[in-house]
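Next comes my_file_16.csv, with CSV, C-alpha atoms.
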chain,number,residue,atom,x,y,z
A,12,MET,CA,0.0,0.0,0.0
A,13,ALA,CA,2.8,2.4,0.9
A,14,SER,CA,4.2,2.0,-2.7
A,15,LEU,CA,0.7,2.4,-4.2
A,16,ILE,CA,0.2,5.6,-2.2
A,17,LYS,CA,3.6,6.8,-3.3
A,18,CYS,CA,2.6,6.0,-6.9
A,19,LEU,CA,-0.7,7.9,-6.4
A,20,ILE,CA,1.2,10.9,-5.0
A,21,SER,CA,3.9,10.9,-7.6
A,22,ASP,CA,1.2,10.8,-10.4
A,23,SER,CA,-0.5,13.8,-8.8
A,24,PRO,CA,0.4,17.3,-10.1
A,25,LYS,CA,1.8,18.4,-6.7
A,26,PRO,CA,5.3,17.4,-5.8
A,27,ALA,CA,5.6,14.1,-3.9
A,28,ASP,CA,6.9,14.3,-0.4
A,29,SER,CA,6.6,12.2,2.7
A,30,SER,CA,4.0,14.6,4.3
A,31,GLY,CA,1.7,14.0,1.2
A,32,GLU,CA,2.0,10.2,1.7
A,33,ASP,CA,1.2,10.7,5.4
A,34,ILE,CA,-1.9,12.6,4.5
A,35,PHE,CA,-3.1,9.9,2.1
A,36,ARG,CA,-2.2,7.2,4.6
A,37,SER,CA,-4.0,9.0,7.4
A,38,ILE,CA,-7.1,9.5,5.2
A,39,PHE,CA,-7.0,5.9,4.1
A,40,GLU,CA,-6.9,4.7,7.7
A,41,GLN,CA,-9.4,7.1,9.2
A,42,ILE,CA,-12.1,7.4,6.6
A,43,GLN,CA,-15.4,5.9,7.6
A,44,THR,CA,-15.7,4.0,4.3
A,45,GLY,CA,-14.3,0.5,3.7
A,46,ILE,CA,-11.7,0.5,1.0
A,47,PHE,CA,-10.0,-2.4,-0.8
A,48,ILE,CA,-7.2,-2.0,-3.3
A,49,VAL,CA,-7.4,-5.0,-5.7
A,50,ASP,CA,-5.1,-6.0,-8.5
A,51,ALA,CA,-7.4,-5.7,-11.6
A,52,LYS,CA,-5.7,-8.5,-13.4
A,53,ASP,CA,-5.6,-11.4,-10.9
A,54,HIS,CA,-8.2,-9.9,-8.4
A,55,ILE,CA,-5.8,-10.3,-5.5
A,56,ILE,CA,-6.5,-8.0,-2.5
A,57,LEU,CA,-3.4,-5.7,-2.1
A,58,ASP,CA,-4.6,-3.6,0.8
A,59,ALA,CA,-7.6,-3.0,3.0
A,60,ASN,CA,-8.2,-0.1,5.4
A,61,PRO,CA,-9.3,-0.5,9.0
A,62,ASN,CA,-12.9,0.3,8.3
A,63,ALA,CA,-13.0,-2.5,5.7
A,64,MET,CA,-11.4,-4.9,8.1
A,65,SER,CA,-13.7,-4.0,10.9
A,66,LEU,CA,-16.8,-4.4,8.7
A,67,LEU,CA,-15.7,-7.9,7.6
A,68,GLY,CA,-14.4,-8.8,11.0
A,69,ARG,CA,-11.1,-10.0,9.6
A,70,ALA,CA,-7.5,-9.1,10.2
A,71,LYS,CA,-5.3,-7.6,7.4
A,72,GLY,CA,-3.4,-10.9,7.3
A,73,ASP,CA,-6.5,-12.8,6.4
A,74,LEU,CA,-7.3,-10.6,3.5
A,75,LEU,CA,-4.1,-9.6,1.8
A,76,GLY,CA,-3.0,-11.9,-0.9
A,77,ASN,CA,-6.4,-13.5,-1.2
A,78,SER,CA,-8.9,-13.2,-4.1
A,79,CYS,CA,-11.5,-10.5,-3.7
A,80,HIS,CA,-14.2,-13.1,-4.8
A,81,GLU,CA,-13.6,-14.9,-1.5
A,82,PHE,CA,-14.4,-11.8,0.7
A,83,ILE,CA,-16.0,-8.8,-0.9
A,84,CYS,CA,-17.6,-9.8,-4.2
A,85,PRO,CA,-20.5,-12.1,-4.7
A,86,ALA,CA,-19.4,-12.8,-8.4
A,87,LYS,CA,-17.7,-16.0,-9.2
A,88,CYS,CA,-14.1,-16.2,-10.4
A,89,GLY,CA,-14.0,-15.2,-14.1
A,90,GLU,CA,-17.3,-13.3,-13.8
A,91,CYS,CA,-16.0,-10.1,-12.4
A,92,PRO,CA,-18.5,-7.4,-13.3
A,93,ILE,CA,-15.7,-4.8,-13.8
A,94,SER,CA,-12.9,-6.6,-15.5
A,95,ASP,CA,-14.8,-9.5,-17.2
A,96,PHE,CA,-18.1,-7.8,-18.0
A,97,HIS,CA,-16.9,-4.2,-18.2
A,98,ARG,CA,-19.9,-3.0,-16.1
A,99,GLU,CA,-19.9,0.0,-13.8
A,100,VAL,CA,-20.4,-0.5,-10.1
A,101,ARG,CA,-21.3,2.9,-8.7
A,102,ASN,CA,-23.3,3.4,-5.6
A,103,THR,CA,-25.0,0.0,-6.0
A,104,GLU,CA,-26.6,-1.8,-3.0
A,105,GLN,CA,-24.8,-5.0,-2.3
A,106,ILE,CA,-24.3,-7.5,0.5
A,107,VAL,CA,-21.0,-8.4,2.1
A,108,ILE,CA,-20.7,-11.3,4.4
A,109,ASN,CA,-18.5,-10.9,7.5
A,110,SER,CA,-16.5,-13.5,9.4
A,111,ASN,CA,-19.6,-14.5,11.5
A,112,GLY,CA,-21.6,-15.2,8.3
A,113,GLU,CA,-23.7,-12.1,8.9
A,114,LYS,CA,-25.0,-10.4,5.7
A,115,ILE,CA,-24.2,-6.7,5.8
A,116,PRO,CA,-26.0,-4.4,3.3
A,117,VAL,CA,-23.5,-1.9,1.8
A,118,ILE,CA,-23.4,0.8,-0.9
A,119,LYS,CA,-20.5,-0.1,-3.1
A,120,THR,CA,-18.5,1.7,-5.7
A,121,VAL,CA,-15.6,0.3,-7.7
A,122,ALA,CA,-13.2,2.7,-9.4
A,123,ARG,CA,-10.7,1.6,-11.9
A,124,VAL,CA,-7.3,3.3,-11.7
A,125,LYS,CA,-4.2,2.9,-13.7
A,126,ILE,CA,-0.8,3.6,-12.1
A,127,HIS,CA,2.4,3.0,-14.1
A,128,ASP,CA,0.6,1.0,-16.7
A,129,LYS,CA,-0.9,-1.3,-14.0
A,130,ASP,CA,-4.6,-1.6,-13.4
A,131,TYR,CA,-6.1,-1.5,-9.9
A,132,LEU,CA,-9.6,-1.6,-8.6
A,133,VAL,CA,-10.4,0.7,-5.7
A,134,GLU,CA,-13.5,-0.9,-4.1
A,135,SER,CA,-15.2,1.3,-1.5
A,136,PHE,CA,-18.3,0.6,0.5
A,137,VAL,CA,-20.4,2.1,3.2
A,138,ASP,CA,-22.2,0.1,5.8
A,139,ILE,CA,-26.0,0.9,5.5
A,140,ARG,CA,-27.3,-1.4,8.3
A,141,ASP,CA,-28.6,1.6,10.3
A,142,GLN,CA,-30.3,3.1,7.2
A,143,LYS,CA,-31.9,-0.3,6.4
A,144,LYS,CA,-33.1,-0.8,10.0
A,145,SER,CA,-34.6,2.7,9.9
A,146,GLU,CA,-36.3,1.9,6.5
A,147,GLU,CA,-37.7,-1.4,7.9
A,148,ARG,CA,-38.9,0.5,11.0
A,149,LYS,CA,-40.7,3.0,8.8
A,150,VAL,CA,-42.4,0.2,6.8
A,151,ALA,CA,-43.4,-1.5,10.0
A,152,LEU,CA,-44.9,1.6,11.5
A,153,ILE,CA,-46.9,2.2,8.3
A,154,ALA,CA,-48.0,-1.4,8.6
A,155,PHE,CA,-49.0,-0.9,12.3
A,156,MET,CA,-51.0,2.2,11.3
A,157,ASN,CA,-52.7,0.4,8.3
A,158,GLU,CA,-53.5,-2.6,10.5
A,159,ALA,CA,-55.1,-0.3,13.1
A,160,VAL,CA,-57.2,1.5,10.5
A,161,MET,CA,-58.4,-1.8,8.9
A,162,ARG,CA,-59.1,-3.6,12.2
A,163,VAL,CA,-60.4,-0.7,14.2
A,164,ARG,CA,-61.6,2.3,12.2
A,165,LYS,CA,-63.6,0.5,9.5
A,166,PRO,CA,-65.2,-1.9,12.0
A,167,LEU,CA,-66.1,1.1,14.2
A,168,GLU,CA,-67.9,2.7,11.2
A,169,LEU,CA,-69.7,-0.6,10.7
A,170,THR,CA,-70.6,-0.8,14.3
A,171,ARG,CA,-72.0,2.7,14.3
A,172,GLN,CA,-74.2,1.7,11.3
A,173,SER,CA,-75.2,-1.5,13.0
A,174,LEU,CA,-76.2,0.3,16.2
A,175,GLN,CA,-78.4,2.6,14.0
A,176,VAL,CA,-80.0,-0.5,12.5
A,177,LEU,CA,-80.4,-1.9,16.0
A,178,ALA,CA,-82.2,1.2,17.1
A,179,ASP,CA,-84.6,0.8,14.2
A,180,GLN,CA,-85.1,-2.9,15.1
A,181,ALA,CA,-85.9,-2.0,18.7
A,182,LYS,CA,-88.5,0.5,17.5
A,183,SER,CA,-90.1,-1.9,15.0
A,184,GLY,CA,-91.4,-4.3,17.7
A,185,ASP,CA,-90.4,-7.4,15.5
A,186,TYR,CA,-87.5,-8.3,17.8
A,187,ASP,CA,-87.7,-9.5,21.4
A,188,ALA,CA,-85.6,-8.3,24.3
A,189,GLU,CA,-83.2,-11.2,23.9
A,190,ASP,CA,-82.5,-10.4,20.2
A,191,ILE,CA,-81.7,-6.8,21.2
A,192,ARG,CA,-79.6,-7.9,24.1
A,193,MET,CA,-77.6,-10.3,21.9
A,194,GLU,CA,-76.9,-7.7,19.3
A,195,LEU,CA,-75.9,-5.1,22.0
A,196,GLN,CA,-73.6,-7.7,23.6
A,197,LEU,CA,-72.1,-8.5,20.2
A,198,HIS,CA,-71.3,-4.9,19.5
A,199,ALA,CA,-69.9,-4.5,23.1
A,200,ASN,CA,-67.7,-7.5,22.6
A,201,ASN,CA,-66.6,-6.2,19.2
A,202,ILE,CA,-65.7,-2.8,20.6
A,203,ALA,CA,-63.8,-4.5,23.5
A,204,GLN,CA,-62.0,-6.6,20.9
A,205,MET,CA,-61.1,-3.4,18.9
A,206,VAL,CA,-59.7,-1.8,22.1
A,207,LYS,CA,-57.6,-5.0,22.7
A,208,THR,CA,-56.4,-5.0,19.1
A,209,LEU,CA,-55.2,-1.4,19.5
A,210,GLU,CA,-53.5,-2.3,22.8
A,211,ASP,CA,-51.8,-5.3,21.2
A,212,LEU,CA,-50.7,-3.2,18.2
A,213,SER,CA,-49.2,-0.5,20.4
A,214,GLU,CA,-47.6,-3.0,22.8
A,215,GLN,CA,-46.0,-4.8,19.8
A,216,ALA,CA,-44.8,-1.5,18.4
A,217,VAL,CA,-43.2,-0.5,21.7
A,218,LYS,CA,-41.8,-4.0,22.3
A,219,GLU,CA,-40.2,-4.3,18.9
A,220,GLN,CA,-38.9,-0.7,18.7
A,221,GLY,CA,-35.5,-0.7,17.1
A,222,ILE,CA,-35.0,-4.5,17.5
A,223,LYS,CA,-36.9,-6.6,15.1
A,224,ILE,CA,-40.1,-6.2,13.1
A,225,PRO,CA,-42.7,-8.9,13.9
A,226,GLU,CA,-42.7,-11.5,11.2
A,227,HIS,CA,-46.4,-11.3,10.5
A,228,PHE,CA,-46.1,-7.5,10.0
A,229,THR,CA,-43.2,-8.0,7.6
A,230,ASN,CA,-45.3,-10.5,5.7
A,231,PHE,CA,-48.2,-8.1,5.8
A,232,CYS,CA,-46.0,-5.3,4.4
A,233,ILE,CA,-44.7,-7.4,1.5
A,234,GLY,CA,-48.1,-9.0,0.9
A,235,LYS,CA,-47.2,-12.6,1.7
B,2,MET,CA,-74.7,-11.0,-11.1
B,3,LEU,CA,-75.2,-14.7,-10.5
B,4,GLU,CA,-77.5,-15.0,-13.5
B,5,GLU,CA,-74.7,-14.2,-15.8
B,6,GLU,CA,-72.4,-17.1,-15.2
B,7,ASP,CA,-72.2,-20.1,-12.9
B,8,SER,CA,-69.7,-20.6,-10.1
B,9,GLN,CA,-68.3,-17.2,-10.0
B,10,LEU,CA,-66.5,-15.6,-7.1
B,11,TYR,CA,-67.2,-11.9,-6.3
B,12,LEU,CA,-65.8,-9.4,-3.9
B,13,MET,CA,-68.6,-7.0,-3.3
B,14,LEU,CA,-67.8,-3.5,-1.8
B,15,SER,CA,-70.0,-0.9,-0.4
B,16,GLU,CA,-69.9,2.3,1.8
B,17,PRO,CA,-70.3,1.4,5.5
B,18,GLY,CA,-73.7,3.0,5.6
B,19,ARG,CA,-75.0,0.7,2.8
B,20,VAL,CA,-73.6,-2.6,4.1
B,21,HIS,CA,-77.0,-3.8,5.4
B,22,ASP,CA,-78.7,-2.9,2.1
B,23,MET,CA,-76.0,-4.7,0.2
B,24,THR,CA,-76.4,-7.9,2.3
B,25,MET,CA,-80.1,-8.0,1.7
B,26,ALA,CA,-79.8,-7.1,-2.0
B,27,VAL,CA,-77.2,-9.9,-2.5
B,28,LEU,CA,-79.4,-12.4,-0.6
B,29,LYS,CA,-82.4,-11.5,-2.8
B,30,LYS,CA,-80.5,-11.7,-6.0
B,31,THR,CA,-79.0,-15.1,-5.0
B,32,LEU,CA,-82.4,-16.5,-4.3
B,33,ALA,CA,-83.9,-15.0,-7.5
B,34,ALA,CA,-81.1,-16.7,-9.4
B,35,GLY,CA,-82.3,-20.1,-8.0
B,36,CYS,CA,-79.3,-20.5,-5.9
B,37,ILE,CA,-79.3,-21.8,-2.3
B,38,PRO,CA,-77.2,-19.5,-0.2
B,39,LEU,CA,-75.0,-20.5,2.7
B,40,ILE,CA,-74.5,-17.3,4.7
B,41,ILE,CA,-71.4,-17.2,6.9
B,42,THR,CA,-72.2,-14.5,9.4
B,43,VAL,CA,-69.8,-12.7,11.7
B,44,ASN,CA,-72.2,-9.8,11.8
B,45,GLN,CA,-75.7,-10.9,13.0
B,46,PRO,CA,-76.9,-13.7,15.2
B,47,TYR,CA,-79.0,-16.3,13.4
B,48,LYS,CA,-82.2,-15.6,15.4
B,49,VAL,CA,-82.0,-11.9,14.5
B,50,MET,CA,-81.1,-12.7,10.9
B,51,VAL,CA,-84.2,-15.0,10.5
B,52,LYS,CA,-86.5,-12.2,11.7
B,53,THR,CA,-84.8,-9.6,9.5
B,54,ASN,CA,-85.1,-11.8,6.5
B,55,ALA,CA,-88.7,-12.6,7.4
B,56,ARG,CA,-89.5,-8.9,7.2
B,57,GLU,CA,-88.4,-9.1,3.5
B,58,ASP,CA,-90.5,-12.3,2.9
B,59,ILE,CA,-87.5,-14.6,3.0
B,60,GLY,CA,-88.4,-17.7,5.0
B,61,GLN,CA,-85.7,-19.5,7.0
B,62,GLU,CA,-86.0,-22.6,4.9
B,63,LYS,CA,-84.5,-20.7,2.0
B,64,PHE,CA,-81.0,-20.2,3.3
B,65,TYR,CA,-78.4,-22.0,5.4
B,66,VAL,CA,-76.3,-20.2,8.0
B,67,VAL,CA,-72.9,-20.7,9.7
B,68,ASP,CA,-73.3,-18.4,12.7
B,69,ALA,CA,-70.1,-17.3,14.4
B,70,VAL,CA,-71.7,-14.7,16.7
B,71,THR,CA,-74.6,-16.1,18.7
B,72,GLN,CA,-72.4,-17.9,21.2
B,73,TYR,CA,-69.9,-15.0,21.1
B,74,SER,CA,-72.7,-12.6,22.2
B,75,GLY,CA,-73.8,-14.9,25.0
B,76,GLY,CA,-76.9,-16.1,23.2
B,77,THR,CA,-78.3,-19.7,23.3
B,78,PRO,CA,-77.9,-21.5,19.9
B,79,THR,CA,-81.2,-22.7,18.6
B,80,PRO,CA,-80.5,-25.9,16.9
B,81,GLY,CA,-81.9,-26.4,13.4
B,82,PRO,CA,-81.2,-28.3,10.2
B,83,GLN,CA,-80.1,-25.2,8.4
B,84,VAL,CA,-77.8,-23.6,10.9
B,85,ARG,CA,-74.5,-24.4,12.5
B,86,TYR,CA,-72.8,-22.5,15.3
B,87,VAL,CA,-69.2,-21.6,15.8
B,88,THR,CA,-68.1,-20.4,19.2
B,89,ASN,CA,-66.6,-17.1,18.0
B,90,PRO,CA,-65.4,-15.4,14.7
B,91,SER,CA,-61.7,-16.0,15.4
B,92,ASN,CA,-62.3,-19.8,15.6
B,93,LEU,CA,-61.3,-20.2,11.9
B,94,THR,CA,-60.7,-24.0,12.2
B,95,ASP,CA,-64.3,-24.6,13.3
B,96,LEU,CA,-65.5,-22.1,10.8
B,97,GLY,CA,-63.7,-23.9,8.0
B,98,ILE,CA,-65.1,-27.3,9.2
B,99,ALA,CA,-68.6,-26.0,9.4
B,100,ILE,CA,-68.5,-24.5,5.9
B,101,THR,CA,-67.0,-27.8,4.5
B,102,GLU,CA,-69.6,-30.0,6.2
B,103,PHE,CA,-72.5,-27.8,5.3
B,104,LEU,CA,-71.5,-27.6,1.6
B,105,LYS,CA,-71.5,-31.4,1.6
B,106,GLN,CA,-74.9,-31.6,3.4
B,107,MET,CA,-76.7,-29.0,1.3
B,108,PRO,CA,-79.0,-30.2,-1.6
B,109,ASP,CA,-77.2,-30.8,-4.9
B,110,ALA,CA,-78.9,-27.7,-6.4
B,111,LYS,CA,-77.0,-24.6,-7.4
B,112,LYS,CA,-75.5,-23.3,-4.2
B,113,CYS,CA,-73.4,-20.4,-3.1
B,114,ILE,CA,-71.6,-18.8,-0.1
B,115,ILE,CA,-72.3,-15.3,1.1
B,116,PHE,CA,-69.6,-14.2,3.5
B,117,ASP,CA,-70.9,-11.4,5.8
B,118,SER,CA,-68.5,-9.8,6.1
B,119,VAL,CA,-64.8,-9.7,5.5
B,120,SER,CA,-64.6,-6.3,7.3
B,121,MET,CA,-66.1,-7.6,10.5
B,122,LEU,CA,-63.9,-10.7,10.4
B,123,LEU,CA,-60.9,-8.2,10.7
B,124,ILE,CA,-62.1,-7.2,14.2
B,125,HIS,CA,-61.1,-10.7,15.4
B,126,ILE,CA,-58.1,-11.7,13.3
B,127,PRO,CA,-55.1,-9.9,11.7
B,128,THR,CA,-55.4,-9.1,8.0
B,129,ALA,CA,-52.7,-11.5,7.0
B,130,THR,CA,-54.6,-14.4,8.8
B,131,ALA,CA,-57.9,-13.3,7.3
B,132,SER,CA,-56.3,-13.3,3.8
B,133,LYS,CA,-55.0,-16.9,4.3
B,134,PHE,CA,-58.4,-18.0,5.6
B,135,LEU,CA,-60.3,-16.4,2.7
B,136,HIS,CA,-57.8,-18.0,0.3
B,137,PHE,CA,-58.7,-21.3,1.8
B,138,VAL,CA,-62.4,-20.7,1.4
B,139,VAL,CA,-62.0,-19.5,-2.2
B,140,ASN,CA,-59.9,-22.6,-3.1
B,141,LYS,CA,-62.6,-24.8,-1.6
B,142,LEU,CA,-65.3,-23.1,-3.6
B,143,LYS,CA,-63.3,-23.3,-6.8
B,144,LEU,CA,-62.7,-27.0,-6.3
B,145,SER,CA,-66.4,-27.6,-5.5
B,146,ASP,CA,-67.5,-25.4,-8.4
B,147,ILE,CA,-69.6,-23.3,-6.0
B,148,SER,CA,-70.2,-19.5,-6.3
B,149,GLY,CA,-69.1,-17.2,-3.5
B,150,ILE,CA,-69.8,-13.6,-2.7
B,151,PHE,CA,-67.5,-11.9,-0.1
B,152,LEU,CA,-69.1,-8.7,1.3
B,153,CYS,CA,-66.8,-6.0,2.4
B,154,VAL,CA,-66.8,-2.3,3.3
B,155,GLU,CA,-65.2,-0.1,0.6
B,156,LYS,CA,-61.7,0.9,1.7
B,157,GLY,CA,-62.1,-1.6,4.6
B,158,LEU,CA,-59.2,-3.7,3.2
B,159,ASP,CA,-55.6,-2.9,3.0
B,160,PRO,CA,-54.6,-2.3,-0.7
B,161,VAL,CA,-52.3,-5.4,-0.5
B,162,ILE,CA,-55.0,-7.6,0.8
B,163,LEU,CA,-57.5,-6.1,-1.6
B,164,SER,CA,-55.2,-6.9,-4.4
B,165,GLN,CA,-54.8,-10.5,-3.2
B,166,MET,CA,-58.5,-10.8,-2.8
B,167,SER,CA,-59.0,-9.3,-6.3
B,168,ALA,CA,-56.7,-12.0,-7.6
B,169,PHE,CA,-58.6,-14.8,-5.8
B,170,VAL,CA,-62.1,-13.7,-7.1
B,171,ASP,CA,-63.4,-13.4,-10.6
B,172,LYS,CA,-64.8,-10.0,-10.2
B,173,VAL,CA,-64.8,-7.0,-7.8
B,174,VAL,CA,-68.2,-5.4,-7.7
B,175,ASP,CA,-69.0,-1.9,-6.4
B,176,PHE,CA,-72.5,-2.2,-4.9
B,177,GLU,CA,-73.2,1.5,-5.5
B,178,SER,CA,-72.7,1.3,-9.2
B,179,GLU,CA,-73.4,-2.3,-10.2
B,180,GLY,CA,-75.0,-4.2,-7.4
B,181,LYS,CA,-78.4,-2.4,-7.1
I need this file expressed as structure tokens, please.
Amino acid sequence: MASLIKCLISDSPKPADSSGEDIFRSIFEQIQTGIFIVDAKDHIILDANPNAMSLLGRAKGDLLGNSCHEFICPAKCGECPISDFHREVRNTEQIVINSNGEKIPVIKTVARVKIHDKDYLVESFVDIRDQKKSEERKVALIAFMNEAVMRVRKPLELTRQSLQVLADQAKSGDYDAEDIRMELQLHANNIAQMVKTLEDLSEQAVKEQGIKIPEHFTNFCIGK
Amino acid sequence: MLEEEDSQLYLMLSEPGRVHDMTMAVLKKTLAAGCIPLIITVNQPYKVMVKTNAREDIGQEKFYVVDAVTQYSGGTPTPGPQVRYVTNPSNLTDLGIAITEFLKQMPDAKKCIIFDSVSMLLIHIPTATASKFLHFVVNKLKLSDISGIFLCVEKGLDPVILSQMSAFVDKVVDFESEGK
């Protein structure tokens, strides 16, 4: 990496000096973006910054000298989207798998650079787990609200209408006291059930806050 | 509606204020089409339904009922050859069994199911569960070549569930514009 940075600096219009290299090194190590430097020809990882290592949960020694297909790219060997298929990877959402097997959503960009006639791939990615969690949370909240409307508001409108019909039935004299009692009890039970549904929904919303979306709500959201 | 084609499945929508009119209109049309209706009610106890229908000159011998609310509302089930009771509307297993058994037991004439109503069922079970149950009922009807009319309040279904239901049924009918 040191030599690559030196190359980058020496190719830049400003004069190369050790302070310039230090600046690049410092940026490379401190930036909150995972960066891999990959040999474009054989796809060997030449360097990885601390953010990339932390995201993958691997030490530098585990990564350097290995193929990028094994760690950061879902494509098979010989099917590299950049060097084999000449596609552009720019701010695309992808998944990387860390050492614990956890799938991490990232926004990835691959830039091709040529230094002293040698091609390199600079792969950079940003962890978007928090963003994803917040999106899922938003979808779940919309689902909670939808469910509350469907299971409470509409039935309440129907209940109001049914109570009006019941008032007419009571006036007609065609229905006995037990009929009226049964219908009143039915509506009372329904309203109690609606209150319980609202309590359950808010309880679940609070319980699941920031942790995990209930499976049935996820299914509901995606229409399973 | 039912006169047009045999063994069709409909999702019928109305404004909340017109639901009772829709239920009665559907029952009358079904009978006029020579179809024996099996009403699945999560809305009105059987005893009350019999009286309401009698006011419209529809005798209790003309329809079959699976009643999921009499026991739920503390009423005493009155046994009869054309009625079956389920303890409460969320008891989908018993509801499914009662529907299946009744369809077998009903005369071999043209028959259909009237589900009254999908909106009220949602008081008792989550929309995803309701969708699965209704899918089960629709499949049963399709396999048995029986018509079905699912009554529902307009905008009383989540768009996703409405879209699923629309895929299950042959036609979505707006009571205000087509059902009268």
**Request:** Determine, counting only C-alpha atoms, which protein, DNA and RNA residues have an atom within 12 Å of an atom of Phe169 of chain B; residues of the same chain fewer than 5 positions away are not included. Present the result as a ChimeraX atom specification.
**Result:** /B:9-12,132-143,149-151,162-164
**Request:** Using all atoms listed in the file, find which residues of chain A lie within 7 Å of chain B and jot them down as a PyMOL selection string.
**Result:** chain A and resi 157+161-163+165-166+168-169+172+190+193+196-197+201+204-205+231+234
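Using only C-alpha atoms, the smallest distance between any of B:Gln106, B:Pro38, B:Leu152, B:Thr101 and Phe176 of chain B comes from B:Leu152.
We find atom CA of Thr88 of chain B and atom CA of Tyr186 of chain A to be spaced 22.9 Å apart.
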**Asked** Suppose you want the space between atom CA of Asn62 of chain A and atom CA of Ile38 of chain A; what is it in Å?
**Response** 11.3 Å
**Request:** Counting all atoms listed in the file, figure out which residue out of A:Ile202, A:Cys88, A:Ile126, A:Leu209 gets nearest to Met156 of chain A.
**Result:** A:Leu209
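Counting only C-alpha atoms, the residue from B:Pro78, B:Ala33, B:Met25, B:Lys112 that sits nearest to Tyr65 of chain B is B:Lys112.
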**Message:** One decimal, in Å: what's the spacing between atom CA of Arg148 of chain A and atom CA of Ile42 of chain A?
**Reply:**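 Spanning atom CA of Arg148 of chain A to atom CA of Ile42 of chain A is a straight-line distance of 28.0 Å.
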